[in-house]
Amino acid sequence: MPKALITGVTGQDGSYLADFLLLKGYDVIGMVRRTSTINFHRIAHIQNKITLIPGDLLDQVSMIHILEEYKPDEVYNLAAQSFVQTSWNQPVFTGEVTALGVTRLLDAIRTVSPKSRFYQASSSEMFGKVVEVPQKESTPFYPRSPYGVAKVYGHWITINYRESYDLHATSGILFNHESPRRGLEFVTRKITHHVAKIKLGLGNELRLGNLDARRDWGFAGDYVKAMWLMLQQEKPADYVVATGETHSVEEFLNEAFGCVNLDWHDYVVQDPRFMRPAEVDLLVGDPTKAGRELGWEPVVTFPELVKMMVDADLKLLKDGETPL
């Protein structure tokens with residue numbers, strides 16, 4: 001039975017990856033931080049099937065102990081301060097976790113478990129103010145947020161350790177990927193949750209920032225398969241994972257409100273508080289390399305993704321459950 005360590009296992013991607021690896025017959029170890037508020041909602045359905053262990057990307061010693069004890073065949077680093085808006089208010093913390101945390105984990109692997117295959121969750125936010133469309137593996141980075149800058153560091157330190165220490169270390173440059181398990185602080189889930197509230201008479205307004213920003217949105221459940229496929233390759237490399245399509249926030253609104261036969265113009269208010277200090281206007285990925293070398297392609301379409309999220313939020317509110 002192969003063994004995989006997932007940092008950030010309680011997040012959207014971590015929970016879908018744990019689901020996927022369990023179906024593949026893996027022994028899954030999930031690293032979780034000791035916090036005053038513990039949120040295991042996303043993994044409640046599999047919590048008795050995985051091993052949860054305390055650890056922190058700010059504490060290299062904890063990661064060394066984990067690697068020594070469990071000796072994982074694969075390590076997926078999905079933990080990060082991953083909310084772009086928060087990175088302006090907490091730039092130093094974002095750097096410590098999202099950038100230097102990668103170095104601590106890689107150095108722990110180099111020290112005690114150099115045969116472990118490593119996956120780093122890179123981000124399309126690294127492209128930022130894009131210099132070419134679509135963005136591919138060779139596109140220069142131009143990050144526009146502390147989060148994007150931290151992700152660039154994590155990406156390049158992964159390449160550096162791969163080349164310096166002959167580690168099987170790979171970065172997946174994932175474009176935006178959403179799901180019903182997405183946190184409410186992200187614009188897609190914020191939209192679908194408010195659509196459900198408005199439809200059920202529990203709200204009457206949705207406040208958003210820039211409606212013109214365009215993103216390449218896919219389904220998180222599709223994207224975790226790409227992560228796994230990367231670590232099955234003989235040689236490590238970096239891959240863009242995307243749908244190759246771009247849609248604006250306004251298009252997302254159209255689709256989401258359309259699912260419940262409402263007109264978003266009647267409910268949406270643009271609020272300057274939700275504007276970013278430096279905006280990323282257009283992101284769209286070129287997944288050609290992932291298709292060619294990994295045999296990966298997205299399954300869930302944009303309209304299917306939005307409907308999935310709206311339907312899930314409608315059910316959540318009707319059942320009286322607390323949103324993730």
# chains A, B, ... in the order shown; residues from 1 in each chain; ligands from 1
>>> residues_around(residues="region 173-184 of chain A", least_positions_apart="3", cutoff="6 Å", atoms="only C-alpha atoms", output="PyMOL selection string")
chain A and resi 12+122-124+189-190+216-220+239-242+309+324
>>> select_by_dssp(residues="region 55-180 of chain A", states="strand (DSSP E)", output="PyMOL selection string")
chain A and resi 74-77+117-123+169-174+177-178
>>> atom_distance(atom1="CA of Trp264 (chain A)", atom2="CA of Glu185 (chain A)")
19.3 Å
>>> select_by_dssp(residues="region 73-218 of chain A", states="alpha helix (DSSP H)", output="ChimeraX atom specification")
/A:84-89,91-94,101-112,146-165,187-199
>>> residues_around(residues="region 86-103 of chain A", least_positions_apart="3", cutoff="8 Å", atoms="only C-alpha atoms", output="NGL selection string")
:A and (57-58 or 77 or 79-83 or 106-107 or 120 or 145-147 or 150-154 or 157-158)
>>> write_last_selection(atoms="N, CA and C atoms", output="mmCIF file, in the first residue's frame")
data_model
loop_
_atom_site.group_PDB
_atom_site.id
_atom_site.type_symbol
_atom_site.label_atom_id
_atom_site.label_comp_id
_atom_site.auth_asym_id
_atom_site.auth_seq_id
_atom_site.Cartn_x
_atom_site.Cartn_y
_atom_site.Cartn_z
ATOM 1 N N LEU A 57 3.879 24.158 8.917
ATOM 2 C CA LEU A 57 4.903 24.616 7.973
ATOM 3 C C LEU A 57 5.825 25.667 8.583
ATOM 4 N N LEU A 58 5.445 26.224 9.726
ATOM 5 C CA LEU A 58 6.322 27.179 10.425
ATOM 6 C C LEU A 58 7.333 26.454 11.310
ATOM 7 N N ASN A 77 2.206 19.128 -0.891
ATOM 8 C CA ASN A 77 2.168 20.342 -0.071
ATOM 9 C C ASN A 77 1.055 21.264 -0.548
ATOM 10 N N ALA A 79 -0.785 23.018 1.887
ATOM 11 C CA ALA A 79 -1.001 23.996 2.949
ATOM 12 C C ALA A 79 -0.434 25.348 2.540
ATOM 13 N N ALA A 80 -1.155 26.403 2.895
ATOM 14 C CA ALA A 80 -0.709 27.761 2.591
ATOM 15 C C ALA A 80 -1.667 28.749 3.234
ATOM 16 N N GLN A 81 -1.238 30.004 3.334
ATOM 17 C CA GLN A 81 -2.197 31.092 3.548
ATOM 18 C C GLN A 81 -2.661 31.395 2.135
ATOM 19 N N SER A 82 -3.846 30.905 1.771
ATOM 20 C CA SER A 82 -4.212 30.820 0.355
ATOM 21 C C SER A 82 -5.231 31.848 -0.112
ATOM 22 N N PHE A 83 -5.613 32.781 0.743
ATOM 23 C CA PHE A 83 -6.589 33.787 0.338
ATOM 24 C C PHE A 83 -5.851 35.054 -0.085
ATOM 25 N N LEU A 106 10.756 21.053 2.084
ATOM 26 C CA LEU A 106 11.722 20.475 1.147
ATOM 27 C C LEU A 106 13.022 20.097 1.865
ATOM 28 N N ASP A 107 13.455 20.934 2.774
ATOM 29 C CA ASP A 107 14.711 20.639 3.471
ATOM 30 C C ASP A 107 14.535 19.456 4.412
ATOM 31 N N GLN A 120 4.399 20.422 -5.162
ATOM 32 C CA GLN A 120 4.173 21.774 -4.664
ATOM 33 C C GLN A 120 2.987 22.406 -5.393
ATOM 34 N N SER A 145 0.332 40.363 -5.936
ATOM 35 C CA SER A 145 -0.111 40.321 -4.539
ATOM 36 C C SER A 145 0.976 39.656 -3.708
ATOM 37 N N PRO A 146 1.011 39.905 -2.395
ATOM 38 C CA PRO A 146 1.953 39.176 -1.543
ATOM 39 C C PRO A 146 1.790 37.662 -1.673
ATOM 40 N N TYR A 147 0.550 37.205 -1.852
ATOM 41 C CA TYR A 147 0.311 35.782 -2.057
ATOM 42 C C TYR A 147 1.003 35.297 -3.326
ATOM 43 N N ALA A 150 4.719 35.138 -2.844
ATOM 44 C CA ALA A 150 5.099 33.993 -2.011
ATOM 45 C C ALA A 150 5.033 32.695 -2.804
ATOM 46 N N LYS A 151 4.032 32.574 -3.657
ATOM 47 C CA LYS A 151 3.909 31.374 -4.477
ATOM 48 C C LYS A 151 5.057 31.272 -5.494
ATOM 49 N N VAL A 152 5.512 32.397 -6.016
ATOM 50 C CA VAL A 152 6.665 32.381 -6.931
ATOM 51 C C VAL A 152 7.898 31.841 -6.204
ATOM 52 N N TYR A 153 8.097 32.292 -4.979
ATOM 53 C CA TYR A 153 9.227 31.781 -4.192
ATOM 54 C C TYR A 153 9.098 30.266 -4.006
ATOM 55 N N GLY A 154 7.909 29.820 -3.588
ATOM 56 C CA GLY A 154 7.708 28.383 -3.382
ATOM 57 C C GLY A 154 7.954 27.582 -4.648
ATOM 58 N N ILE A 157 11.866 27.644 -5.352
ATOM 59 C CA ILE A 157 12.662 26.861 -4.405
ATOM 60 C C ILE A 157 12.448 25.373 -4.655
ATOM 61 N N THR A 158 11.263 24.990 -5.162
ATOM 62 C CA THR A 158 11.025 23.599 -5.535
ATOM 63 C C THR A 158 11.926 23.196 -6.696
#
>>> residues_around(residues="Glu69 (chain A)", least_positions_apart="6", cutoff="12 Å", atoms="only C-alpha atoms", output="PyMOL selection string")
chain A and resi 3+5+29+53+62-63+112-113
>>> closest_residue(among="A:Tyr161, A:Tyr267, A:Tyr76, A:Tyr16", to="Val195 (chain A)", atoms="only C-alpha atoms")
A:Tyr267
>>> atom_distance(atom1="CA of Gly258 (chain A)", atom2="CA of Val133 (chain A)")
29.2 Å
>>> atom_distance(atom1="CA of Asp27 (chain A)", atom2="CA of Met1 (chain A)")
6.4 Å
